[in-house]
Structures are given as C-alpha cells and as structure tokens.
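**Student:** Dumping the structure here so I can ask a few things about it.
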Amino acid sequence: MRCLRDLLQKAQQSGVAIGHFNISDLVLVKAVFAAARELSVPVLVGLSEGEREFVGTRQIAAFVRSLREEFDFPIFLNADHTHSLAKGIEAAKAGFDSIVFDLSALPIEENVRQTKQAVEALKAINPSMLVEGEIGDIGTGSEIHESSPDLSKGLSTPEEAKQFVESTRVDILAPAVGNMHGMLRSMVQGETKKRLDIERIAGIKQAARVFLTLHGGSGTDDEDLRKAIAAGINIVHINTELRVAWRHGLEHGLAKQPDEVVPYKILPSVVDSVKQVVGSRLKLFNGRHVGHGA
Ligand SMILES: [Zn+2]
C-alpha cells in the first residue's frame, strides 16, 4: 500500500485531485468507501473536532484502518480543522494519516508560531503524518447559510503563502481563493455556484511549492473546480453537499417505509443518496466524464 504522500505526488503528476469527504457516522463512511471503490480512486475521509467527538477518534481510526487492510484499498483518514495541539496529538496517536491544523482565525504571526510548533510535535509522534496549515478567511460551518459573509479581505496572497510554508514547514497549505465553508440556500437549490480565483491559485502554487487543499468545495462551479485542479489544487474538501444528501436520503427512506423500524432497511436510502454525490465529485476530481443528473 502506498502512503498518502506518494498518492498525492502521483495525483499531482497526473493532473487530478484526491477527494476529501467529511463523515460523522458509519453510513457516510460506507457511502464514501463504496463510491471510491466503484471508481478505483484513492479517497480521504475527514472528521473535524466536532465530528470526531461524536464518532470517537480512536474508533474511526480503527474502522478506516480495517477497511484499508481488508480491501487493500487506499482510503486515508484526516483530522480536519483541529484548533489545538492537544486534539492534534490525540489524532496522531490514534493513527490519522494527516491533520488540518487550523489557526487561521489568529493573527498571522501567531498562526505561524503555533503551526510550526505543531508540525514539530506531530512529526515527533508520527513522521509520516502530513500536516496542513491554514491561512486567510473562508468562513466557518459546513451548513446552510442564509447570507454570504464578506471574505474578500481574507484572500491569501502568493507572498503570504510562501512565507507561511517556509516558516512552518507544513506539507500542505489551505489558502483562501474564493472558496467558502458551507453553502448558501441558493447553492443548495442549484441557482448559484461558488466561483474560484484560478490565477490566485496558480500564483500561490508557484510561490509555495507544496500540496494545496481547497476547503469548502460544496456548491462550486464544476468548470472552476477543473481549472483549480489544473492550477495546483491537490485535495478538494466536500462536506455540506454530503450533509444535504444525508438528510434527503433519510427523509426519503423514512417516507418510503413509514412503519419500518429496522435501521438497515431504512439507511440504504441514505447510503445511495450520499454515494451518488461522492461518485459524481470523485469523477470530476479524477478527470472522468461526469454524466447528466449526477
Ligand atoms: Zn474545511
């Protein structure tokens, strides 16, 4: 089995990106794994601090490891949006493959200082763990927002990205390039799309020379995602689209069988609904044809 760093390198050479999907229950893991296996592409599952608290940090690590080993399949685990070193150490000890160490809400000097410390501390526990740092403002909350926050002042620059990477020695950088966490209601309805600053991505890639992650990918224009990957994005995060599909699938499953109480007879509707979204996004990130209605 190749490690995550090798797979990212391979994806970069092939001009494709690895899909990262947030999960907060085993139904979501099942859907993500099934979609990735069907397409034979590597995949990352991620859990924020809140998601880890619900599922269990060591428990999800054991579960994902068992899938990887039993099926000899490249499914990897990321500790998404981790705001303290203590939570990072917990994930490193549990065997997570990568971590998003997110102090982007702090002033940049403090973000640099603490991220550098975290890189050293986490690599001391697991030298092969990849550490991602965050700069700029892309908002918070992978949920449905009623109004759009003004993120224009928090966009990342190539100079800032280069300095941050050189000072902290992170393996992966998450810049603010027009992306945003969560979706507006109009995006859920498909009336509007997020647009990305492709030139900014290319400039940051050239200056920072590390793997780049695009957070808040839900609701982004397909063509912009393709161009962003061509410009240097290596990992794309999707969360809100899955949460919307999860809820729709559950409502559908319950409505279809109003008297059913057996979870494994109701929940396949959720798996199907989420799997469809994951499959469609994975096809796009991996340069496969995306069919209609996907
Ligand atoms: Zn994120």
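Labeling convention for the structure tokens: chains A, B, ... as they appear, residues from 1 per chain, ligands from 1 in order of appearance.
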Please find the residues contacting ligand 1 at a distance of at most 10 Å between atoms, with only C-alpha atoms and all ligand atoms counted, and report them as a list in words.
**Tutor:** His20, Asn22, Gly46, Leu47, Ser48, Asp80, His81, Val100, Asp102, Glu134, Ile138, Gly139, Thr140, Gly141, Ser142, Ala174, Asn179, Met180, His181, Gly182, Thr213, Leu214, His215, Gly216, Gly217, Val236, His237, Ile238 and Asn239 of chain A
**Student:** Give the strand (DSSP E) residues of region 138-252 of chain A, as assigned by DSSP on the backbone, as a ChimeraX atom specification.
**Tutor:** /A:144-145,172-174,183-184,211-214,233-238
**Student:** Can I get the selected residues back with N, CA and C atoms, as a CSV table (one decimal), in the first residue's frame?
**Tutor:**
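So out-v3.csv came out as:
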chain,number,residue,atom,x,y,z
A,144,ILE,N,-25.9,25.3,6.0
A,144,ILE,CA,-26.6,26.2,5.1
A,144,ILE,C,-26.7,27.6,5.7
A,145,HIS,N,-26.1,28.5,5.0
A,145,HIS,CA,-26.0,29.9,5.5
A,145,HIS,C,-27.1,30.7,4.7
A,172,ILE,N,1.2,20.7,3.5
A,172,ILE,CA,0.0,21.0,2.7
A,172,ILE,C,-0.4,22.4,3.1
A,173,LEU,N,-0.9,23.2,2.2
A,173,LEU,CA,-1.4,24.5,2.5
A,173,LEU,C,-2.8,24.7,2.1
A,174,ALA,N,-3.7,25.3,2.9
A,174,ALA,CA,-5.1,25.6,2.5
A,174,ALA,C,-5.2,27.1,2.4
A,183,MET,N,-22.8,26.3,2.4
A,183,MET,CA,-23.5,26.7,1.2
A,183,MET,C,-24.6,27.7,1.5
A,184,LEU,N,-24.8,28.6,0.5
A,184,LEU,CA,-26.0,29.4,0.6
A,184,LEU,C,-27.2,28.6,0.2
A,211,PHE,N,1.7,20.9,-1.6
A,211,PHE,CA,0.4,20.4,-1.9
A,211,PHE,C,-0.6,21.5,-1.5
A,212,LEU,N,-1.7,21.7,-2.2
A,212,LEU,CA,-2.7,22.6,-1.9
A,212,LEU,C,-4.0,22.0,-1.7
A,213,THR,N,-4.8,22.4,-0.6
A,213,THR,CA,-6.1,21.9,-0.4
A,213,THR,C,-7.1,23.0,-0.7
A,214,LEU,N,-8.2,22.6,-1.3
A,214,LEU,CA,-9.4,23.5,-1.4
A,214,LEU,C,-10.4,23.1,-0.4
A,233,ILE,N,-4.4,22.6,-7.2
A,233,ILE,CA,-5.1,22.1,-6.1
A,233,ILE,C,-5.0,20.6,-6.1
A,234,ASN,N,-4.6,20.0,-4.9
A,234,ASN,CA,-4.4,18.5,-4.9
A,234,ASN,C,-5.4,17.8,-4.1
A,235,ILE,N,-6.1,18.5,-3.2
A,235,ILE,CA,-7.2,17.8,-2.4
A,235,ILE,C,-8.4,18.8,-2.4
A,236,VAL,N,-9.6,18.2,-2.6
A,236,VAL,CA,-10.8,19.1,-2.5
A,236,VAL,C,-11.7,18.5,-1.5
A,237,HIS,N,-12.1,19.4,-0.5
A,237,HIS,CA,-13.0,19.0,0.6
A,237,HIS,C,-14.5,19.2,0.2
A,238,ILE,N,-15.3,18.2,0.4
A,238,ILE,CA,-16.7,18.3,0.3
A,238,ILE,C,-17.4,17.9,1.6
**Student:** For the helix (DSSP H, G or I) assignment from backbone DSSP, which residues of region 47-111 of chain A qualify? Please present them as a PyMOL selection string.
**Tutor:** chain A and resi 49-55+57-71+85-94+108-111
**Student:** I want to know what sits within 8 Å of region 105-116 of chain A, based on only C-alpha atoms, with residues of the same chain fewer than 3 positions away left out; could you give that as a count of residues only?
**Tutor:** 12
**Student:** Excluding same-chain residues fewer than 5 positions from region 83-97 of chain A, what lies within 10 Å of it counting only C-alpha atoms, as a PyMOL selection string?
**Tutor:** chain A and resi 3-5+44+46+48-49+52+57-62+64-65+75-78+102-105+114-115+117-119+121-131
**Student:** Rounded to one decimal place, report the CA of Ile229 (chain A)-CA of Glu166 (chain A) distance in Å.
**Tutor:**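 Computing the Euclidean distance for CA of Ile229 (chain A) and CA of Glu166 (chain A) yields 22.7 Å.
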**Student:** What's around Lys275 (chain A) at 10 Å? Count only C-alpha atoms, leave out sequence neighbours fewer than 6 positions away in its own chain, and write the answer as a ChimeraX atom specification.
**Tutor:** /A:27-36,242,245-246,269,281
**Student:** Write out the residues from the selection above, keeping N, CA and C atoms, as a PDB file, in the first residue's frame.
**Tutor:**
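Once written, result.pdb looks like this:
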ATOM      1  N   VAL A  27     -22.716   5.380   8.178  1.00  0.00           N
ATOM      2  CA  VAL A  27     -23.458   5.392   6.913  1.00  0.00           C
ATOM      3  C   VAL A  27     -22.687   6.223   5.883  1.00  0.00           C
ATOM      4  N   LEU A  28     -22.168   7.363   6.335  1.00  0.00           N
ATOM      5  CA  LEU A  28     -21.380   8.216   5.446  1.00  0.00           C
ATOM      6  C   LEU A  28     -20.077   7.527   5.032  1.00  0.00           C
ATOM      7  N   VAL A  29     -19.424   6.845   5.958  1.00  0.00           N
ATOM      8  CA  VAL A  29     -18.182   6.122   5.617  1.00  0.00           C
ATOM      9  C   VAL A  29     -18.484   5.071   4.549  1.00  0.00           C
ATOM     10  N   LYS A  30     -19.572   4.351   4.757  1.00  0.00           N
ATOM     11  CA  LYS A  30     -19.983   3.294   3.834  1.00  0.00           C
ATOM     12  C   LYS A  30     -20.199   3.864   2.416  1.00  0.00           C
ATOM     13  N   ALA A  31     -20.879   5.015   2.353  1.00  0.00           N
ATOM     14  CA  ALA A  31     -21.175   5.636   1.065  1.00  0.00           C
ATOM     15  C   ALA A  31     -19.899   6.128   0.374  1.00  0.00           C
ATOM     16  N   VAL A  32     -19.005   6.753   1.130  1.00  0.00           N
ATOM     17  CA  VAL A  32     -17.755   7.282   0.558  1.00  0.00           C
ATOM     18  C   VAL A  32     -16.885   6.121   0.059  1.00  0.00           C
ATOM     19  N   PHE A  33     -16.778   5.095   0.880  1.00  0.00           N
ATOM     20  CA  PHE A  33     -15.933   3.947   0.522  1.00  0.00           C
ATOM     21  C   PHE A  33     -16.487   3.233  -0.722  1.00  0.00           C
ATOM     22  N   ALA A  34     -17.806   3.058  -0.764  1.00  0.00           N
ATOM     23  CA  ALA A  34     -18.422   2.366  -1.908  1.00  0.00           C
ATOM     24  C   ALA A  34     -18.204   3.155  -3.200  1.00  0.00           C
ATOM     25  N   ALA A  35     -18.346   4.467  -3.144  1.00  0.00           N
ATOM     26  CA  ALA A  35     -18.161   5.295  -4.347  1.00  0.00           C
ATOM     27  C   ALA A  35     -16.713   5.241  -4.824  1.00  0.00           C
ATOM     28  N   ALA A  36     -15.777   5.326  -3.899  1.00  0.00           N
ATOM     29  CA  ALA A  36     -14.351   5.306  -4.269  1.00  0.00           C
ATOM     30  C   ALA A  36     -13.947   3.954  -4.842  1.00  0.00           C
ATOM     31  N   LEU A 242     -22.700  16.549   1.164  1.00  0.00           N
ATOM     32  CA  LEU A 242     -22.966  15.218   1.719  1.00  0.00           C
ATOM     33  C   LEU A 242     -24.024  15.292   2.819  1.00  0.00           C
ATOM     34  N   ALA A 245     -27.344  15.615   1.218  1.00  0.00           N
ATOM     35  CA  ALA A 245     -27.739  14.322   0.645  1.00  0.00           C
ATOM     36  C   ALA A 245     -28.128  13.329   1.747  1.00  0.00           C
ATOM     37  N   TRP A 246     -27.398  13.388   2.853  1.00  0.00           N
ATOM     38  CA  TRP A 246     -27.677  12.508   4.002  1.00  0.00           C
ATOM     39  C   TRP A 246     -29.099  12.749   4.507  1.00  0.00           C
ATOM     40  N   SER A 269     -31.161   3.971   1.848  1.00  0.00           N
ATOM     41  CA  SER A 269     -31.568   5.168   1.106  1.00  0.00           C
ATOM     42  C   SER A 269     -30.555   6.288   1.314  1.00  0.00           C
ATOM     43  N   ARG A 281     -18.634  13.761  -7.577  1.00  0.00           N
ATOM     44  CA  ARG A 281     -17.491  14.631  -7.263  1.00  0.00           C
ATOM     45  C   ARG A 281     -16.163  13.926  -7.553  1.00  0.00           C
TER      46      ARG A 281
END
**Student:** Give me, as a list in words, all polymer residues having an atom no more than 9 Å from Gly15 (chain A), counting only C-alpha atoms and skipping those fewer than 5 positions away in the same chain.
**Tutor:**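 My list of contacting residues is Lys10, Ile229, Ala230, Ala231, Gly232, Asn234, Asn286 and Gly287 of chain A.
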**Student:** How would the residues just picked look written out with N, CA and C atoms as a PDB file, in the first residue's frame?
**Tutor:**
ATOM      1  N   LYS A  10       1.509  11.379  -6.956  1.00  0.00           N
ATOM      2  CA  LYS A  10       1.034  10.736  -8.186  1.00  0.00           C
ATOM      3  C   LYS A  10      -0.144  11.513  -8.778  1.00  0.00           C
ATOM      4  N   ILE A 229      -7.916  22.513 -10.102  1.00  0.00           N
ATOM      5  CA  ILE A 229      -7.061  21.323 -10.017  1.00  0.00           C
ATOM      6  C   ILE A 229      -5.901  21.470 -11.005  1.00  0.00           C
ATOM      7  N   ALA A 230      -6.190  21.947 -12.190  1.00  0.00           N
ATOM      8  CA  ALA A 230      -5.131  22.161 -13.189  1.00  0.00           C
ATOM      9  C   ALA A 230      -4.134  23.217 -12.704  1.00  0.00           C
ATOM     10  N   ALA A 231      -4.608  24.168 -11.895  1.00  0.00           N
ATOM     11  CA  ALA A 231      -3.741  25.247 -11.394  1.00  0.00           C
ATOM     12  C   ALA A 231      -2.944  24.840 -10.158  1.00  0.00           C
ATOM     13  N   GLY A 232      -3.236  23.648  -9.597  1.00  0.00           N
ATOM     14  CA  GLY A 232      -2.390  23.190  -8.489  1.00  0.00           C
ATOM     15  C   GLY A 232      -3.086  22.701  -7.235  1.00  0.00           C
ATOM     16  N   ASN A 234      -4.600  19.965  -4.942  1.00  0.00           N
ATOM     17  CA  ASN A 234      -4.368  18.520  -4.865  1.00  0.00           C
ATOM     18  C   ASN A 234      -5.434  17.760  -4.078  1.00  0.00           C
ATOM     19  N   ASN A 286     -11.147  13.424 -10.594  1.00  0.00           N
ATOM     20  CA  ASN A 286     -10.219  12.487 -11.207  1.00  0.00           C
ATOM     21  C   ASN A 286     -10.260  12.518 -12.728  1.00  0.00           C
ATOM     22  N   GLY A 287     -10.862  13.569 -13.267  1.00  0.00           N
ATOM     23  CA  GLY A 287     -10.850  13.767 -14.716  1.00  0.00           C
ATOM     24  C   GLY A 287     -11.651  12.745 -15.504  1.00  0.00           C
TER      25      GLY A 287
END
**Student:** Could you check the closest approach to Glu159 (chain A) for each of A:Gln206, A:Ser280, A:Gln189, A:Thr82 and tell me which residue wins, using only C-alpha atoms?
**Tutor:**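 Comparing A:Gln206, A:Ser280, A:Gln189, A:Thr82 against Glu159 (chain A), the winner is A:Gln206.
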